[in-house]
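**Q** What follows is upload-v3.txt, made up of compact mmCIF, C-alpha atoms:
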# COMPACT_ATOMS: atom_id res chain seq x y z
CA MET A 1 51.22 -15.15 -162.99
CA PHE A 2 51.09 -16.79 -159.56
CA ASP A 3 49.23 -15.15 -156.70
CA PHE A 4 51.56 -15.62 -153.72
CA HIS A 5 48.79 -14.49 -151.39
CA TYR A 6 47.33 -18.00 -151.62
CA ALA A 7 50.64 -19.88 -151.81
CA ALA A 8 50.39 -20.59 -148.07
CA PHE A 9 47.38 -22.83 -148.83
CA ILE A 10 48.22 -24.18 -152.28
CA VAL A 11 51.84 -25.25 -151.62
CA PRO A 12 51.05 -27.28 -148.44
CA ALA A 13 48.07 -28.94 -150.19
CA PHE A 14 50.29 -30.17 -153.04
CA ALA A 15 53.23 -30.99 -150.72
CA ILE A 16 51.06 -33.09 -148.37
CA THR A 17 49.48 -34.87 -151.36
CA LEU A 18 52.93 -35.69 -152.76
CA ALA A 19 54.16 -36.91 -149.36
CA VAL A 20 51.10 -39.15 -148.87
CA PHE A 21 51.50 -40.62 -152.37
CA ILE A 22 55.19 -41.34 -151.74
CA GLY A 23 54.24 -42.92 -148.41
CA MET A 24 51.57 -45.13 -150.02
CA ILE A 25 53.97 -46.27 -152.77
CA VAL A 26 56.88 -47.01 -150.39
CA LEU A 27 54.72 -48.80 -147.78
CA SER A 28 52.84 -50.88 -150.37
CA LEU A 29 56.03 -52.00 -152.16
CA ASN A 30 57.92 -52.67 -148.90
CA HIS A 31 55.01 -54.73 -147.51
CA ALA A 32 54.81 -56.85 -150.67
CA ARG A 33 58.59 -57.28 -150.93
CA TYR A 34 59.02 -58.15 -147.26
CA TRP A 35 56.38 -60.92 -147.29
CA ARG A 36 57.51 -62.26 -150.65
CA ARG A 37 61.10 -62.67 -149.32
CA ARG A 38 59.81 -64.15 -146.08
CA TYR A 39 57.73 -66.70 -147.97
CA GLU A 40 60.60 -67.57 -150.31
CA ASP A 41 62.97 -68.04 -147.33
CA LEU A 42 60.49 -70.33 -145.55
CA ALA A 43 59.73 -72.28 -148.75
CA ALA A 44 63.45 -72.74 -149.45
CA ARG A 45 64.04 -73.97 -145.89
CA ALA A 46 61.11 -76.39 -146.14
CA LYS A 47 62.58 -78.07 -149.26
CA PRO A 48 64.32 -81.33 -148.38
CA PRO A 49 68.12 -81.22 -149.04
CA LYS A 50 69.21 -82.98 -152.25
CA MET B 1 28.42 -71.57 -153.79
CA THR B 2 30.46 -70.67 -156.87
CA MET B 3 31.24 -67.25 -158.25
CA THR B 4 29.75 -67.10 -161.72
CA TRP B 5 30.45 -63.47 -162.61
CA ALA B 6 33.33 -61.07 -163.14
CA PRO B 7 35.33 -61.59 -159.88
CA ALA B 8 35.50 -65.32 -160.69
CA PHE B 9 38.13 -64.47 -163.29
CA LEU B 10 40.50 -63.42 -160.52
CA SER B 11 39.29 -65.69 -157.75
CA ASN B 12 42.16 -68.09 -158.34
CA PRO B 13 45.22 -66.73 -156.46
CA GLU B 14 47.67 -68.06 -159.09
CA ARG B 15 45.70 -66.39 -161.87
CA PHE B 16 45.50 -63.20 -159.83
CA MET B 17 49.27 -63.18 -159.16
CA ALA B 18 49.99 -63.67 -162.88
CA PHE B 19 47.54 -60.88 -163.82
CA SER B 20 48.67 -58.40 -161.16
CA ARG B 21 52.35 -58.93 -161.97
CA TRP B 22 51.97 -56.90 -165.18
CA ALA B 23 48.74 -54.98 -164.38
CA ALA B 24 50.12 -53.21 -161.27
CA PRO B 25 53.08 -51.53 -163.04
CA MET B 26 50.90 -50.81 -166.08
CA PHE B 27 48.34 -48.93 -163.95
CA GLY B 28 51.24 -47.12 -162.26
CA VAL B 29 52.60 -45.88 -165.60
CA ILE B 30 49.08 -44.80 -166.69
CA ALA B 31 48.67 -42.90 -163.39
CA LEU B 32 51.99 -41.10 -163.85
CA ALA B 33 51.22 -40.13 -167.47
CA LEU B 34 47.66 -38.93 -166.74
CA GLY B 35 48.80 -37.15 -163.56
CA ALA B 36 51.58 -35.30 -165.39
CA VAL B 37 49.24 -34.08 -168.15
CA GLY B 38 46.44 -33.28 -165.66
CA LEU B 39 48.76 -31.26 -163.41
CA TYR B 40 50.25 -29.40 -166.38
CA LEU B 41 46.80 -28.45 -167.72
CA GLY B 42 45.68 -27.61 -164.18
CA PHE B 43 48.55 -25.19 -163.65
CA ILE B 44 48.27 -23.43 -167.02
CA ALA B 45 44.49 -22.99 -166.61
CA PRO B 46 43.43 -19.40 -165.87
CA GLU B 47 42.61 -18.53 -162.29
CA ASP B 48 38.96 -18.68 -161.29
CA TYR B 49 37.13 -15.33 -161.21
CA GLN B 50 35.95 -15.96 -157.65
CA GLN B 51 38.47 -18.38 -156.14
CA GLY B 52 41.62 -17.06 -157.78
CA GLN B 53 44.60 -19.44 -157.71
CA THR B 54 43.07 -21.60 -154.98
CA VAL B 55 40.99 -23.31 -157.66
CA ARG B 56 44.13 -25.41 -158.35
CA ILE B 57 43.56 -27.25 -155.07
CA MET B 58 40.41 -28.63 -156.74
CA PHE B 59 42.59 -30.80 -159.02
CA ILE B 60 43.93 -32.75 -156.03
CA HIS B 61 41.01 -32.39 -153.60
CA VAL B 62 38.12 -33.64 -155.75
CA PRO B 63 39.92 -36.81 -157.01
CA ALA B 64 40.99 -37.61 -153.42
CA ALA B 65 37.37 -37.24 -152.27
CA GLN B 66 36.14 -39.44 -155.14
CA LEU B 67 38.75 -42.09 -154.36
CA SER B 68 37.93 -42.03 -150.65
CA MET B 69 34.42 -43.21 -151.55
CA PHE B 70 35.45 -45.49 -154.41
CA ALA B 71 37.98 -47.28 -152.19
CA TYR B 72 35.28 -47.82 -149.57
CA ALA B 73 32.93 -49.19 -152.25
CA CYS B 74 35.73 -51.63 -153.23
CA LEU B 75 36.19 -52.50 -149.55
CA GLY B 76 32.44 -53.11 -149.28
CA VAL B 77 32.23 -55.34 -152.39
CA ALA B 78 35.34 -57.32 -151.37
CA SER B 79 33.96 -57.71 -147.83
CA PHE B 80 30.62 -58.91 -149.20
CA LEU B 81 32.36 -61.51 -151.40
CA SER B 82 34.57 -62.54 -148.48
CA LEU B 83 31.58 -62.93 -146.16
CA ILE B 84 29.39 -64.83 -148.64
CA PHE B 85 31.97 -66.95 -150.51
CA ARG B 86 34.63 -67.02 -147.74
CA HIS B 87 37.24 -66.49 -150.40
CA ALA B 88 40.69 -65.60 -149.05
CA LEU B 89 41.54 -63.43 -152.06
CA ALA B 90 38.42 -61.28 -151.55
CA ASP B 91 39.44 -60.81 -147.92
CA ALA B 92 42.98 -59.90 -149.00
CA ALA B 93 41.45 -57.34 -151.40
CA ALA B 94 39.38 -55.84 -148.57
CA GLN B 95 42.38 -55.69 -146.26
CA ALA B 96 44.54 -54.03 -148.93
CA ALA B 97 41.87 -51.43 -149.83
CA ALA B 98 41.47 -50.07 -146.28
CA PRO B 99 44.83 -48.27 -145.76
CA LEU B 100 44.68 -46.79 -149.27
CA GLY B 101 41.13 -45.57 -148.67
CA ALA B 102 42.19 -44.07 -145.34
CA ALA B 103 45.06 -42.24 -147.06
CA PHE B 104 42.78 -40.81 -149.77
CA THR B 105 40.20 -39.76 -147.17
CA PHE B 106 42.97 -38.07 -145.14
CA LEU B 107 44.03 -36.22 -148.30
CA ALA B 108 40.43 -35.18 -149.03
CA LEU B 109 40.05 -33.79 -145.50
CA ILE B 110 43.42 -31.98 -145.42
CA THR B 111 43.26 -30.48 -148.92
CA GLY B 112 39.61 -29.55 -148.32
CA SER B 113 40.60 -27.75 -145.15
CA LEU B 114 43.43 -25.93 -146.94
CA TRP B 115 40.96 -24.90 -149.66
CA GLY B 116 38.22 -24.00 -147.19
CA ARG B 117 40.30 -21.61 -145.08
CA PRO B 118 40.82 -18.96 -147.80
CA MET B 119 37.40 -19.51 -149.44
CA TRP B 120 35.07 -20.03 -146.46
CA GLY B 121 37.15 -18.29 -143.82
CA THR B 122 37.39 -21.44 -141.68
CA TRP B 123 39.50 -24.61 -141.58
CA TRP B 124 36.59 -26.79 -140.49
CA VAL B 125 32.84 -26.69 -140.00
CA TRP B 126 30.62 -29.48 -138.65
CA ASP B 127 28.35 -29.61 -141.69
CA GLY B 128 26.88 -32.71 -143.33
CA ARG B 129 29.55 -33.29 -145.98
CA LEU B 130 32.63 -32.68 -143.88
CA THR B 131 31.31 -34.63 -140.90
CA SER B 132 30.24 -37.64 -143.01
CA VAL B 133 33.70 -37.74 -144.67
CA LEU B 134 35.31 -37.60 -141.21
CA VAL B 135 33.07 -40.56 -140.24
CA LEU B 136 34.35 -42.36 -143.36
CA PHE B 137 37.94 -41.79 -142.20
CA LEU B 138 37.07 -43.14 -138.74
CA LEU B 139 35.42 -46.20 -140.35
CA TYR B 140 38.66 -46.95 -142.21
CA ILE B 141 40.68 -46.56 -139.00
CA ALA B 142 38.21 -48.77 -137.10
CA TYR B 143 38.44 -51.45 -139.83
CA ILE B 144 42.27 -51.40 -139.79
CA ALA B 145 42.37 -51.49 -135.98
CA LEU B 146 39.84 -54.34 -135.82
CA ARG B 147 41.79 -56.44 -138.32
CA ALA B 148 45.04 -55.78 -136.47
CA SER B 149 43.55 -56.69 -133.10
CA MET B 150 42.53 -60.29 -133.99
CA ASP B 151 44.97 -63.16 -134.52
CA ASP B 152 42.44 -65.61 -135.93
CA GLU B 153 42.36 -64.83 -139.67
CA ALA B 154 38.85 -66.25 -140.25
CA LYS B 155 37.27 -64.40 -137.30
CA SER B 156 39.12 -61.21 -138.22
CA ALA B 157 37.86 -61.46 -141.82
CA ARG B 158 34.24 -61.98 -140.70
CA ALA B 159 34.27 -59.18 -138.12
CA GLY B 160 35.99 -56.80 -140.54
CA ALA B 161 33.54 -57.64 -143.34
CA ILE B 162 30.53 -56.96 -141.09
CA LEU B 163 32.00 -53.62 -139.96
CA ALA B 164 32.81 -52.65 -143.56
CA LEU B 165 29.30 -53.54 -144.77
CA VAL B 166 27.64 -51.57 -141.95
CA GLY B 167 29.78 -48.58 -142.96
CA VAL B 168 28.58 -48.73 -146.59
CA ILE B 169 25.45 -46.83 -145.43
CA ASN B 170 27.74 -43.80 -145.06
CA LEU B 171 28.43 -43.61 -148.84
CA PRO B 172 24.97 -42.34 -149.92
CA ILE B 173 24.98 -40.06 -146.86
CA ILE B 174 28.23 -38.46 -148.08
CA HIS B 175 26.95 -38.17 -151.64
CA TYR B 176 23.57 -36.66 -150.80
CA SER B 177 24.67 -34.67 -147.74
CA VAL B 178 24.93 -31.48 -149.81
CA GLU B 179 21.30 -31.94 -150.95
CA TRP B 180 19.75 -33.18 -147.71
CA TRP B 181 21.22 -30.51 -145.45
CA ASN B 182 22.21 -26.87 -145.76
CA THR B 183 25.97 -27.13 -145.93
CA LEU B 184 28.87 -24.80 -146.50
CA HIS B 185 30.24 -27.33 -148.99
CA GLN B 186 29.16 -26.74 -152.57
CA GLY B 187 26.96 -29.19 -154.46
CA SER B 188 28.12 -31.57 -157.16
CA SER B 189 29.88 -29.76 -160.04
CA ILE B 190 30.73 -32.70 -162.31
CA PHE B 191 27.54 -34.76 -161.98
CA ALA B 192 25.23 -31.75 -161.68
CA GLU B 193 21.80 -31.78 -163.33
CA GLY B 194 22.09 -30.55 -166.91
CA GLY B 195 25.77 -31.49 -167.21
CA PRO B 196 29.01 -30.38 -165.59
CA ALA B 197 28.80 -26.93 -163.99
CA MET B 198 32.32 -25.86 -164.94
CA PRO B 199 34.08 -24.85 -168.18
CA PRO B 200 36.25 -27.38 -170.08
CA VAL B 201 39.43 -25.51 -169.09
CA PHE B 202 38.88 -26.77 -165.52
CA LEU B 203 36.84 -29.89 -166.30
CA ILE B 204 39.43 -31.60 -168.55
CA PRO B 205 42.38 -31.43 -166.10
CA LEU B 206 40.01 -32.44 -163.29
CA LEU B 207 38.85 -35.54 -165.21
CA LEU B 208 42.47 -36.41 -166.09
CA MET B 209 43.47 -36.12 -162.43
CA SER B 210 40.48 -38.25 -161.39
CA LEU B 211 41.56 -40.96 -163.85
CA ALA B 212 45.17 -40.64 -162.63
CA TYR B 213 44.09 -41.14 -159.00
CA MET B 214 41.93 -44.09 -160.06
CA ALA B 215 44.85 -45.71 -161.91
CA ALA B 216 47.17 -45.04 -158.93
CA PHE B 217 44.65 -46.68 -156.62
CA GLY B 218 44.37 -49.65 -159.01
CA SER B 219 48.13 -50.09 -159.08
CA LEU B 220 48.63 -49.74 -155.31
CA TRP B 221 45.63 -51.95 -154.57
CA LEU B 222 47.04 -54.75 -156.71
CA VAL B 223 50.44 -54.39 -155.01
CA GLY B 224 48.69 -54.45 -151.61
CA ILE B 225 46.72 -57.61 -152.48
CA ARG B 226 49.92 -59.28 -153.70
CA GLY B 227 51.54 -58.40 -150.37
CA GLU B 228 48.59 -59.93 -148.50
CA VAL B 229 48.79 -63.11 -150.60
CA TRP B 230 52.54 -63.40 -149.84
CA ARG B 231 51.90 -62.74 -146.13
CA ARG B 232 49.29 -65.49 -145.92
CA ARG B 233 51.52 -67.92 -147.80
CA ALA B 234 54.44 -67.05 -145.51
CA GLU B 235 52.33 -67.55 -142.39
CA SER B 236 51.06 -70.90 -143.70
CA ALA B 237 54.63 -71.96 -144.48
CA ALA B 238 55.74 -70.87 -140.98
CA MET B 239 52.90 -72.91 -139.42
CA ARG B 240 53.86 -75.96 -141.47
CA ALA B 241 57.51 -75.51 -140.48
CA ALA B 242 56.53 -75.22 -136.81
CA GLY B 243 54.42 -78.39 -137.11
CA ASN B 244 57.28 -80.46 -138.56
Let's see the structure in the file written out as structure tokens.

**A**
Amino acid sequence: MFDFHYAAFIVPAFAITLAVFIGMIVLSLNHARYWRRRYEDLAARAKPPK
Amino acid sequence: MTMTWAPAFLSNPERFMAFSRWAAPMFGVIALALGAVGLYLGFIAPEDYQQGQTVRIMFIHVPAAQLSMFAYACLGVASFLSLIFRHALADAAAQAAAPLGAAFTFLALITGSLWGRPMWGTWWVWDGRLTSVLVLFLLYIAYIALRASMDDEAKSARAGAILALVGVINLPIIHYSVEWWNTLHQGSSIFAEGGPAMPPVFLIPLLLMSLAYMAAFGSLWLVGIRGEVWRRRAESAAMRAAGN
């Protein structure tokens, strides 16, 4: 079924791809969330007290 | 000057934020679904008569290589719009495309190397295709470094756009490198003359994976642009607060 002779090349290729995708997803979401919260904090502080 | 064609639809940041709020997760779900089916079909496909099981690396290498160029084309178009129309959203789109493009180019280089070692007998060779893709990776890094090195947003946008547009010349070089020079890298299999040069059992999962990568890029790009819009709003708010 699976030729383990080539597993040393196939497994790292898929593992690195998965790791890079996870990295892209986490970094993109964290960047967007961080700046959204930062903006909301600053906007809330800028509002005059009622 | 006004934008009178397709990008005008999204040139309003409010409209873009409303659109991307539902479009980003939708593209993410499409990417997951297509990727799951593509990987399943890719792993149940028979091994190649010459390449054996290593042919499975094709299903992650080729889409990464396609996206490395597509992301740069997006970076180029966004940079052009930013330079000509000086639109902040186009610049945000360019800035968000660069790290994603760098990641896809890194994946294309690494998976290509891991595929090349058992098939060519070497991890790397300085031939036209591999070298031009390495240049593409360096262009992305240079763009990211240039943007990070300048505090003035307008100057940074202009300098980045010029660098990105100069780098666009590398895209046809990458594409035609396998025809212009004698390279170890094989020629085009999908867009070959006379139709795709591979059987449907490999072509279908490859196309599904290409679409999955494209949808993933679309989703992450929209998230990245949203992050840039929030960052610019936050920095404007901080400047206003500092001025009060």

**Q** Grab the CA of Ala45 (chain B) to CA of Ile174 (chain B) distance for me, in Å with one decimal place.

**A**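 Taking CA of Ala45 (chain B) and CA of Ile174 (chain B), their separation equals 29.1 Å.
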
**Q** Only residues of chain B matter here; which ones have an atom within 8 Å of chain A, counting only C-alpha atoms? Give them as a ChimeraX atom specification.

**A** /B:52-54,56-57,60,100,103,107,110-111,114-115,118,220,223-224,226-228,230-231,233-235,237-238,241

**Q** What is the CA of Ala154 (chain B) to CA of Ala88 (chain B) distance in Å?

**A**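 For CA of Ala154 (chain B) relative to CA of Ala88 (chain B), the distance reads 9.0 Å.
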
**Q** So which residues touch region 179-189 of chain B within 9 Å, counting all atoms listed in the file, skipping near sequence neighbours fewer than 3 positions away, as a VMD selection string?

**A** chain B and resid 116 120 125 to 130 173 175 to 176 192 to 193 195 to 198

**Q** Which residues are near Met214 (chain B)? Cut-off 10 Å, all atoms listed in the file, ignore same chain within fewer than 4 positions. Put them as a PDB file with C-alpha atoms, in the frame of the given file.

**A**
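Below is the file that was written, result29.pdb:
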ATOM      1  CA  PHE B  27      48.340 -48.930-163.950  1.00  0.00           C
ATOM      2  CA  ILE B  30      49.080 -44.800-166.690  1.00  0.00           C
ATOM      3  CA  ALA B  31      48.670 -42.900-163.390  1.00  0.00           C
ATOM      4  CA  PRO B  63      39.920 -36.810-157.010  1.00  0.00           C
ATOM      5  CA  ALA B  64      40.990 -37.610-153.420  1.00  0.00           C
ATOM      6  CA  GLN B  66      36.140 -39.440-155.140  1.00  0.00           C
ATOM      7  CA  LEU B  67      38.750 -42.090-154.360  1.00  0.00           C
ATOM      8  CA  PHE B  70      35.450 -45.490-154.410  1.00  0.00           C
ATOM      9  CA  ALA B  71      37.980 -47.280-152.190  1.00  0.00           C
ATOM     10  CA  LEU B 208      42.470 -36.410-166.090  1.00  0.00           C
ATOM     11  CA  MET B 209      43.470 -36.120-162.430  1.00  0.00           C
ATOM     12  CA  SER B 210      40.480 -38.250-161.390  1.00  0.00           C
ATOM     13  CA  GLY B 218      44.370 -49.650-159.010  1.00  0.00           C
ATOM     14  CA  SER B 219      48.130 -50.090-159.080  1.00  0.00           C
ATOM     15  CA  LEU B 220      48.630 -49.740-155.310  1.00  0.00           C
TER      16      LEU B 220
END

**Q** Find, counting only C-alpha atoms, the residue in B:Arg232, B:Ala216, B:Val201, B:Val133 that gets nearest to Ala33 (chain B).

**A** B:Ala216

**Q** Could you tell me how far CA of Ala157 (chain B) sits from CA of Met239 (chain B), in Å to one decimal place?

**A**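 These two atoms are separated by 19.1 Å.
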
**Q** As a ChimeraX atom specification, please: the residues near Ala164 (chain B) (cut-off 12 Å, only C-alpha atoms, same-chain neighbours under 5 positions excluded).

**A** /B:71-83,91,94-95,97-98,136,138-144,146-147,156-159,169-171

**Q** Could you add whatever atoms are missing so that region 11-46 of chain A carries N, CA and C atoms, then write the result as a compact mmCIF listing (two decimals), keeping the file's coordinate frame?

**A**
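Result file rebuild-v7.txt:
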# COMPACT_ATOMS: atom_id res chain seq x y z
N VAL A 11 50.58 -24.48 -151.72
CA VAL A 11 51.84 -25.25 -151.62
C VAL A 11 51.71 -26.39 -150.60
N PRO A 12 51.21 -26.15 -149.37
CA PRO A 12 51.05 -27.28 -148.44
C PRO A 12 50.10 -28.36 -148.97
N ALA A 13 49.03 -27.94 -149.67
CA ALA A 13 48.07 -28.94 -150.19
C ALA A 13 48.77 -29.89 -151.16
N PHE A 14 49.58 -29.32 -152.07
CA PHE A 14 50.29 -30.17 -153.04
C PHE A 14 51.42 -30.95 -152.36
N ALA A 15 52.12 -30.32 -151.41
CA ALA A 15 53.23 -30.99 -150.72
C ALA A 15 52.73 -32.18 -149.91
N ILE A 16 51.61 -31.99 -149.19
CA ILE A 16 51.06 -33.09 -148.37
C ILE A 16 50.58 -34.23 -149.29
N THR A 17 49.95 -33.85 -150.41
CA THR A 17 49.48 -34.87 -151.36
C THR A 17 50.66 -35.69 -151.88
N LEU A 18 51.74 -34.99 -152.26
CA LEU A 18 52.93 -35.69 -152.76
C LEU A 18 53.51 -36.62 -151.68
N ALA A 19 53.60 -36.11 -150.46
CA ALA A 19 54.16 -36.91 -149.36
C ALA A 19 53.31 -38.15 -149.10
N VAL A 20 51.98 -38.00 -149.13
CA VAL A 20 51.10 -39.15 -148.87
C VAL A 20 51.22 -40.17 -150.00
N PHE A 21 51.33 -39.69 -151.24
CA PHE A 21 51.50 -40.62 -152.37
C PHE A 21 52.81 -41.39 -152.24
N ILE A 22 53.89 -40.67 -151.91
CA ILE A 22 55.19 -41.34 -151.74
C ILE A 22 55.08 -42.37 -150.62
N GLY A 23 54.43 -42.00 -149.53
CA GLY A 23 54.24 -42.92 -148.41
C GLY A 23 53.46 -44.17 -148.82
N MET A 24 52.38 -43.98 -149.59
CA MET A 24 51.57 -45.13 -150.02
C MET A 24 52.39 -46.06 -150.92
N ILE A 25 53.17 -45.46 -151.82
CA ILE A 25 53.97 -46.27 -152.77
C ILE A 25 55.03 -47.06 -152.00
N VAL A 26 55.79 -46.36 -151.13
CA VAL A 26 56.88 -47.01 -150.39
C VAL A 26 56.34 -48.11 -149.47
N LEU A 27 55.27 -47.80 -148.71
CA LEU A 27 54.72 -48.80 -147.78
C LEU A 27 54.15 -50.01 -148.51
N SER A 28 53.44 -49.77 -149.62
CA SER A 28 52.84 -50.88 -150.37
C SER A 28 53.93 -51.79 -150.94
N LEU A 29 54.96 -51.18 -151.56
CA LEU A 29 56.03 -52.00 -152.16
C LEU A 29 56.83 -52.73 -151.09
N ASN A 30 57.15 -52.03 -149.98
CA ASN A 30 57.92 -52.67 -148.90
C ASN A 30 57.15 -53.84 -148.29
N HIS A 31 55.84 -53.65 -148.08
CA HIS A 31 55.01 -54.73 -147.51
C HIS A 31 55.04 -55.96 -148.43
N ALA A 32 54.84 -55.72 -149.72
CA ALA A 32 54.81 -56.85 -150.67
C ALA A 32 56.18 -57.52 -150.75
N ARG A 33 57.25 -56.71 -150.82
CA ARG A 33 58.59 -57.28 -150.93
C ARG A 33 58.97 -58.07 -149.69
N TYR A 34 58.66 -57.50 -148.51
CA TYR A 34 59.02 -58.15 -147.26
C TYR A 34 58.39 -59.54 -147.19
N TRP A 35 57.07 -59.64 -147.44
CA TRP A 35 56.38 -60.92 -147.29
C TRP A 35 56.74 -61.89 -148.40
N ARG A 36 57.08 -61.37 -149.57
CA ARG A 36 57.51 -62.26 -150.65
C ARG A 36 58.84 -62.93 -150.25
N ARG A 37 59.79 -62.11 -149.75
CA ARG A 37 61.10 -62.67 -149.32
C ARG A 37 60.92 -63.65 -148.18
N ARG A 38 60.04 -63.29 -147.24
CA ARG A 38 59.81 -64.15 -146.08
C ARG A 38 59.26 -65.50 -146.53
N TYR A 39 58.30 -65.45 -147.46
CA TYR A 39 57.73 -66.70 -147.97
C TYR A 39 58.79 -67.51 -148.70
N GLU A 40 59.59 -66.86 -149.54
CA GLU A 40 60.60 -67.57 -150.31
C GLU A 40 61.65 -68.20 -149.39
N ASP A 41 62.02 -67.48 -148.31
CA ASP A 41 62.97 -68.04 -147.33
C ASP A 41 62.39 -69.30 -146.69
N LEU A 42 61.13 -69.19 -146.24
CA LEU A 42 60.49 -70.33 -145.55
C LEU A 42 60.31 -71.51 -146.51
N ALA A 43 59.93 -71.21 -147.76
CA ALA A 43 59.73 -72.28 -148.75
C ALA A 43 61.05 -72.97 -149.07
N ALA A 44 62.13 -72.16 -149.15
CA ALA A 44 63.45 -72.74 -149.45
C ALA A 44 63.91 -73.64 -148.30
N ARG A 45 63.62 -73.18 -147.05
CA ARG A 45 64.04 -73.97 -145.89
C ARG A 45 63.24 -75.28 -145.77
N ALA A 46 61.98 -75.20 -146.26
CA ALA A 46 61.11 -76.39 -146.14
C ALA A 46 61.48 -77.47 -147.16
